[in-house]
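Peer 1: Here it is: the structure, laid out below.
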Amino acid sequence: MLLDALTLQLGYNAALVALGASALGFAAGTVGAFLYLRKRSLVSDAISHATLPGLALAFIVMVALGADGRFLPGLLIGSALSAWAGLWITGWLGRATRLTEDAAIGAVLSVFFGFGIVLLTVIQSISAGRQAGLEGFLLGSTAGMLRSDALLIAAGGALVLLATVLLRRPLLMTAFDEAYARVQGVDTYRLDLALMTLVMAVTVVGLKIVGLILIVALLIIPPVAARFWSENAPRVVLLSGVFGGLSGYAGAALSATAPDLPTGPIIVLLAFALFAVSLLFAPLRGVLAASLRHRRLQHKVHLRQGLLAIAHDQPIYEAVTRRMLRRAGLLRADGMPTESGRAEAARAAFDEARWHALRRSGTLSELAARDDGLTRIEAVLTPDQIATLDARLSGREAT
Amino acid sequence: MGAEFVALSLPPLLIGTLAAMACALPGNFLLLRRQSLIGDAISHVVLPGIVVAFLLTGAVAALPMMIGAAGAALLAVLMIEAIRRLGRIEPGAAMGVVFTTLFAGGVLLLERSDTSGVHLDVEHALYGNLESLIWLDASGWASLGDPAALAGLPPELPRMALTLLAVLAFTLVLWRPLKLSTFDEGFARALGLPTTLIGLGIVVMAALAAVAAFDAVGSIIVIAMFICPPAAARLMTNRLGRQVIWSLGFALLSAVLGYTLAGYGPLWLGYTASVSAAGMIATVSGVILGLAALFGPHRVA
């Protein structure tokens, strides 16, 4: 069943929904990555909650005009308009008053959502008996989705993606250095506006599948997960899109296998699973890799300090250091250095002396800033520079 | 009219007001510490907490659910800290990851388990059920002095009153340390105040208010009341004491006006049904904030 779902064997409509969800997820991941690099992830929370009043008003208007209130394009236009209003008010509160952005976000999301709920109860009372089905937009539902709806969602996701690709250069530049981008002729205010419009588009397109409460997850979680894998911004953006697309695809497929597996939550939980794997196992910034790197550094520091102590005939007090030296075959069980231990210790002491000389040499002393107590001097200086140093070392010993 | 008002409208009105004020009070400190969105996060993660409590006990009882909600809030705070530290991720994004995930988990649990026999669903969690908290034993204003009738009050009322008292006591007793560590954390630390502990205390107070209010009135009021009344109050004055009093006043006004508009507004317009009180209270608090942002004497400084 699950395999059928993942290979799109559950029928034409389920396949369309899965494809729509992956297009949406990919678009959300890439747009979200720029939002994350701009450190404004939570603005999307205000935008998504602000869609509710517009959604309900669009329904009321369409019913009043005698049309079908559930006509998806109409609902999406309404929700986009009220998301715009919410976004504008968030910005206005920040500009016109001394309230901080997080307070403005919280105020807009709670008030718009509350007003939307009021309108939902109004709809319930005017269409008494007839299910409006607008509750499905809170948490997303793909059950009984029309073919045209699925196509609309896939097309919307593709459009957002296209716009993101076109804007990628100025977006990246602004994310890293706003002042530099402005000097380069980027209108950062309008670019931010464009980014927010893309966020809004993703939110509106995702309402039907993921729902307005959880759509922010698709904008926030994939970029955070992708960030663990690379320091290269374009790669983070692409990977974030891939993560979002995977979660959307697998989530929609999974939820088609059983009636009580709501699409939105499944997609979010899959995205979180990708995040958890990245947090733990990503080779670059993952927790496991970082702790391994830390262990290796610790090992190096202990060995070096132990060797220097041997060279200076000082006792080694740290049990950990003694154990590491013994394991490296540099120390005997009785605490005396082995033959190779003495040789290594002498080499370490000599290296230390060279660094010391480097610090005193007028011409090369700036290179001494690279002394971290671990790096061998051969890694920093050329052989003839070392020869000059050695000449000075022996010269001083002679006088 | 009097009897009907006391039985049907007075308890929800009181509960809504108490909940609004209990959330607005810690909201003042969260606002000044730029932690306003913690209220948002807490109210999202409460859902999995009460669902798990329900699955474990099999009943919709107040105490296990509040314990479950508090546990979920604690788990969320720990997860946010862990992700922020381990992954070196900015706090806003870490919060976004945690609260959406926990909320999604809560919704999934709720949909997968059989809760058809009890009143527990996502809608209830979002906009509560203020209108259903009625007092069947009341026969009029005289019932307020009748112990037998008072015993039939909805239990949310005394619980919310206690919560407000606890939050109020916390604020009054720790007023000076709270004020110092909110405005100048470095100075407070230099004076030897345990600023980390104070910060934690504020979050715990906020969580307590959120969990108690959530049970009675749903999460919309909780988020709106954490932010809108304190934000509007901040635009009215430069003094913390006055700001707190303004915010309590705005919370009271939002609750009373919102409840009245929701219950009676449609009647005045000639409709028979009422609209969501929780949503209307949040809407009114937003209108108040809007007015304060347009006309408040301390909009900019």
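Ligands are numbered from 1 in the order shown, chains are lettered A, B, ... in the order of the structure tokens, and residues start at 1 in each chain.
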I'd like the contact shell of stretch 170-187 of chain B - 10 Å cut-off, only C-alpha atoms, skipping same-chain residues fewer than 4 positions apart - returned as an MDAnalysis selection string.
Peer 2: chainID B and resid 25:26 29:34 164:166 191:196 198:199 201:202 205 240:241
Peer 1: From the list B:Gly286, B:Gly39, B:Gly145, B:Pro155, which residue is nearest chain A when using only C-alpha atoms?
Peer 2: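 Closest candidate: B:Gly286.
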Peer 1: Enter the distance from atom CA of A:Ser82 to atom CA of A:Ile126, in Å, rounded to one decimal.
Peer 2: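 Atom-to-atom, atom CA of A:Ser82 and atom CA of A:Ile126 are spaced 21.7 Å apart.
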Peer 1: Considering only C-alpha atoms, return as a ChimeraX atom specification whatever protein or nucleic-acid residues lie within 12 Å of B:Ile134, sequence-local ones (same chain, fewer than 5 positions apart) excluded.
Peer 2: /B:4-15,129,152-157,216
Peer 1: Would you save the residues from that selection as a compact mmCIF listing (two decimals), in the first residue's frame, using all heavy atoms?
Peer 2:
```txt
# COMPACT_ATOMS: atom_id res chain seq x y z
N GLU B 4 -31.57 34.81 33.30
CA GLU B 4 -30.92 34.26 32.12
C GLU B 4 -29.48 34.77 32.02
O GLU B 4 -28.55 34.03 31.72
CB GLU B 4 -31.71 34.70 30.89
CG GLU B 4 -31.43 33.86 29.67
CD GLU B 4 -32.26 34.35 28.51
OE1 GLU B 4 -33.51 34.28 28.59
OE2 GLU B 4 -31.67 34.81 27.54
N PHE B 5 -29.30 36.07 32.34
CA PHE B 5 -27.96 36.66 32.27
C PHE B 5 -27.02 35.98 33.25
O PHE B 5 -25.90 35.60 32.90
CB PHE B 5 -28.03 38.16 32.55
CG PHE B 5 -26.68 38.82 32.59
CD1 PHE B 5 -26.02 39.13 31.42
CD2 PHE B 5 -26.07 39.10 33.80
CE1 PHE B 5 -24.77 39.71 31.44
CE2 PHE B 5 -24.81 39.68 33.84
CZ PHE B 5 -24.16 39.99 32.66
N VAL B 6 -27.49 35.81 34.50
CA VAL B 6 -26.62 35.22 35.53
C VAL B 6 -26.26 33.78 35.15
O VAL B 6 -25.14 33.33 35.33
CB VAL B 6 -27.30 35.27 36.91
CG1 VAL B 6 -26.49 34.48 37.93
CG2 VAL B 6 -27.45 36.71 37.35
N ALA B 7 -27.21 33.04 34.62
CA ALA B 7 -26.96 31.63 34.33
C ALA B 7 -26.13 31.45 33.07
O ALA B 7 -25.24 30.60 33.03
CB ALA B 7 -28.29 30.89 34.19
N LEU B 8 -26.41 32.22 32.02
CA LEU B 8 -25.81 31.94 30.72
C LEU B 8 -24.63 32.85 30.37
O LEU B 8 -23.71 32.43 29.68
CB LEU B 8 -26.88 32.06 29.62
CG LEU B 8 -28.05 31.10 29.73
CD1 LEU B 8 -29.01 31.29 28.57
CD2 LEU B 8 -27.56 29.66 29.77
N SER B 9 -24.68 34.10 30.82
CA SER B 9 -23.66 35.03 30.35
C SER B 9 -22.63 35.40 31.40
O SER B 9 -21.47 35.64 31.07
CB SER B 9 -24.32 36.32 29.85
OG SER B 9 -25.00 36.06 28.66
N LEU B 10 -23.06 35.46 32.66
CA LEU B 10 -22.12 35.93 33.67
C LEU B 10 -20.88 35.03 33.82
O LEU B 10 -19.75 35.54 33.79
CB LEU B 10 -22.84 36.08 35.02
CG LEU B 10 -22.01 36.75 36.11
CD1 LEU B 10 -21.64 38.17 35.71
CD2 LEU B 10 -22.74 36.75 37.44
N PRO B 11 -21.07 33.68 33.96
CA PRO B 11 -19.86 32.84 34.13
C PRO B 11 -18.89 32.94 32.96
O PRO B 11 -17.70 33.20 33.19
CB PRO B 11 -20.44 31.43 34.29
CG PRO B 11 -21.83 31.62 34.71
CD PRO B 11 -22.29 32.89 34.06
N PRO B 12 -19.34 32.79 31.70
CA PRO B 12 -18.35 32.90 30.62
C PRO B 12 -17.71 34.28 30.56
O PRO B 12 -16.51 34.41 30.28
CB PRO B 12 -19.16 32.63 29.34
CG PRO B 12 -20.56 32.54 29.73
CD PRO B 12 -20.65 32.34 31.19
N LEU B 13 -18.50 35.31 30.86
CA LEU B 13 -17.96 36.66 30.84
C LEU B 13 -16.84 36.80 31.87
O LEU B 13 -15.76 37.32 31.58
CB LEU B 13 -19.09 37.65 31.14
CG LEU B 13 -18.76 39.13 30.98
CD1 LEU B 13 -18.33 39.41 29.56
CD2 LEU B 13 -19.98 39.97 31.33
N LEU B 14 -17.11 36.30 33.08
CA LEU B 14 -16.11 36.38 34.15
C LEU B 14 -14.88 35.55 33.79
O LEU B 14 -13.74 36.00 33.97
CB LEU B 14 -16.71 35.88 35.46
CG LEU B 14 -17.54 36.90 36.24
CD1 LEU B 14 -18.12 36.25 37.49
CD2 LEU B 14 -16.68 38.09 36.63
N ILE B 15 -15.11 34.34 33.31
CA ILE B 15 -13.98 33.46 32.98
C ILE B 15 -13.13 34.08 31.89
O ILE B 15 -11.90 34.12 31.97
CB ILE B 15 -14.49 32.06 32.55
CG1 ILE B 15 -15.14 31.36 33.74
CG2 ILE B 15 -13.34 31.22 32.01
CD1 ILE B 15 -15.89 30.11 33.38
N ASN B 129 -14.28 27.01 24.20
CA ASN B 129 -15.71 26.85 24.22
C ASN B 129 -16.30 27.71 25.30
O ASN B 129 -17.02 27.24 26.19
CB ASN B 129 -16.05 25.38 24.45
CG ASN B 129 -17.24 24.97 23.63
OD1 ASN B 129 -17.86 25.82 22.98
ND2 ASN B 129 -17.58 23.70 23.68
N GLY B 152 -22.43 24.67 41.93
CA GLY B 152 -22.61 24.24 40.55
C GLY B 152 -21.95 25.14 39.54
O GLY B 152 -22.12 24.95 38.34
N LEU B 153 -21.17 26.10 40.01
CA LEU B 153 -20.44 26.98 39.09
C LEU B 153 -19.48 26.17 38.23
O LEU B 153 -18.96 25.15 38.68
CB LEU B 153 -19.61 28.00 39.89
CG LEU B 153 -20.24 29.34 40.24
CD1 LEU B 153 -19.27 30.13 41.10
CD2 LEU B 153 -20.57 30.12 38.98
N PRO B 154 -19.25 26.58 36.99
CA PRO B 154 -18.27 25.86 36.20
C PRO B 154 -16.90 25.92 36.90
O PRO B 154 -16.50 26.98 37.37
CB PRO B 154 -18.23 26.63 34.88
CG PRO B 154 -19.22 27.72 34.97
CD PRO B 154 -19.88 27.69 36.28
N PRO B 155 -16.22 24.77 37.01
CA PRO B 155 -14.96 24.74 37.76
C PRO B 155 -13.89 25.64 37.15
O PRO B 155 -12.93 26.01 37.82
CB PRO B 155 -14.54 23.27 37.68
CG PRO B 155 -15.30 22.70 36.54
CD PRO B 155 -16.58 23.46 36.47
N GLU B 156 -14.05 26.00 35.88
CA GLU B 156 -13.07 26.89 35.26
C GLU B 156 -13.01 28.24 35.95
O GLU B 156 -11.97 28.90 35.95
CB GLU B 156 -13.39 27.10 33.77
CG GLU B 156 -13.03 25.93 32.87
CD GLU B 156 -14.13 24.89 32.82
OE1 GLU B 156 -15.14 25.05 33.55
OE2 GLU B 156 -13.97 23.91 32.07
N LEU B 157 -14.15 28.66 36.54
CA LEU B 157 -14.19 30.00 37.13
C LEU B 157 -13.25 30.13 38.33
O LEU B 157 -12.36 30.99 38.32
CB LEU B 157 -15.64 30.36 37.49
CG LEU B 157 -15.85 31.77 38.01
CD1 LEU B 157 -15.35 32.80 37.02
CD2 LEU B 157 -17.33 32.02 38.29
N ALA B 216 -9.90 26.77 29.37
CA ALA B 216 -11.20 27.42 29.46
C ALA B 216 -11.60 28.12 28.16
O ALA B 216 -12.75 28.06 27.75
CB ALA B 216 -11.19 28.43 30.61
```
Peer 1: Within 8 Å of chain A, which residues belong to chain B? Use only C-alpha atoms and report them as an MDAnalysis selection string.
Peer 2: chainID B and resid 31 34:37 40 86:87 89:90 92:93 96:97 100:101 104:105 107:108 111:112 127 220:221 223:224 227:228 231 235 273:283 285:286 293 299:301
Peer 1: Write out as a list in words each polymer residue whose atoms come within 10 Å of B:Leu208, counting only C-alpha atoms; drop sequence neighbours fewer than 5 positions from it.
Peer 2: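 Once the nearby chain positions are removed, what remains is Ala22, Cys23, Ile42, Met66, Ala69, Ala70, Ala73, Thr163, Leu164, Ala166, Val167, Ile202, Val203, Ala213 and Phe214 of chain B.
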Peer 1: Selection from above, N, CA and C atoms, as a tab-separated table (two decimals), in the first residue's frame, can you write it?
Peer 2:
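For reference, out-v9.tsv as written:
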```
chain	number	residue	atom	x	y	z
B	22	ALA	N	-5.15	37.39	33.29
B	22	ALA	CA	-4.06	36.52	33.72
B	22	ALA	C	-3.00	36.39	32.64
B	23	CYS	N	-3.40	36.45	31.36
B	23	CYS	CA	-2.42	36.35	30.28
B	23	CYS	C	-1.75	37.70	30.01
B	42	ILE	N	3.86	28.44	23.22
B	42	ILE	CA	3.26	27.65	24.29
B	42	ILE	C	1.85	27.19	23.91
B	66	MET	N	-3.96	19.47	32.59
B	66	MET	CA	-3.09	20.60	32.89
B	66	MET	C	-1.66	20.14	33.11
B	69	ALA	N	-0.30	19.43	29.70
B	69	ALA	CA	0.00	20.68	28.98
B	69	ALA	C	1.28	21.29	29.51
B	70	ALA	N	1.40	21.29	30.85
B	70	ALA	CA	2.61	21.87	31.44
B	70	ALA	C	3.84	21.06	31.01
B	73	ALA	N	4.74	21.98	27.53
B	73	ALA	CA	5.38	23.30	27.47
B	73	ALA	C	6.84	23.19	27.89
B	163	THR	N	-5.60	31.28	39.22
B	163	THR	CA	-4.46	31.54	38.34
B	163	THR	C	-4.12	33.02	38.31
B	164	LEU	N	-5.17	33.85	38.16
B	164	LEU	CA	-4.92	35.29	38.12
B	164	LEU	C	-4.28	35.75	39.43
B	166	ALA	N	-2.43	33.97	41.47
B	166	ALA	CA	-1.04	33.49	41.54
B	166	ALA	C	-0.14	34.39	40.70
B	167	VAL	N	-0.58	34.72	39.49
B	167	VAL	CA	0.23	35.56	38.61
B	167	VAL	C	0.40	36.95	39.22
B	202	ILE	N	9.43	34.11	34.77
B	202	ILE	CA	8.45	34.79	33.93
B	202	ILE	C	7.85	33.81	32.92
B	203	VAL	N	8.73	33.00	32.31
B	203	VAL	CA	8.22	32.04	31.33
B	203	VAL	C	7.29	31.03	31.99
B	213	ALA	N	-5.72	29.10	31.01
B	213	ALA	CA	-6.65	29.81	30.14
B	213	ALA	C	-7.01	28.98	28.93
B	214	PHE	N	-6.03	28.23	28.43
B	214	PHE	CA	-6.24	27.39	27.26
B	214	PHE	C	-7.40	26.43	27.47
```
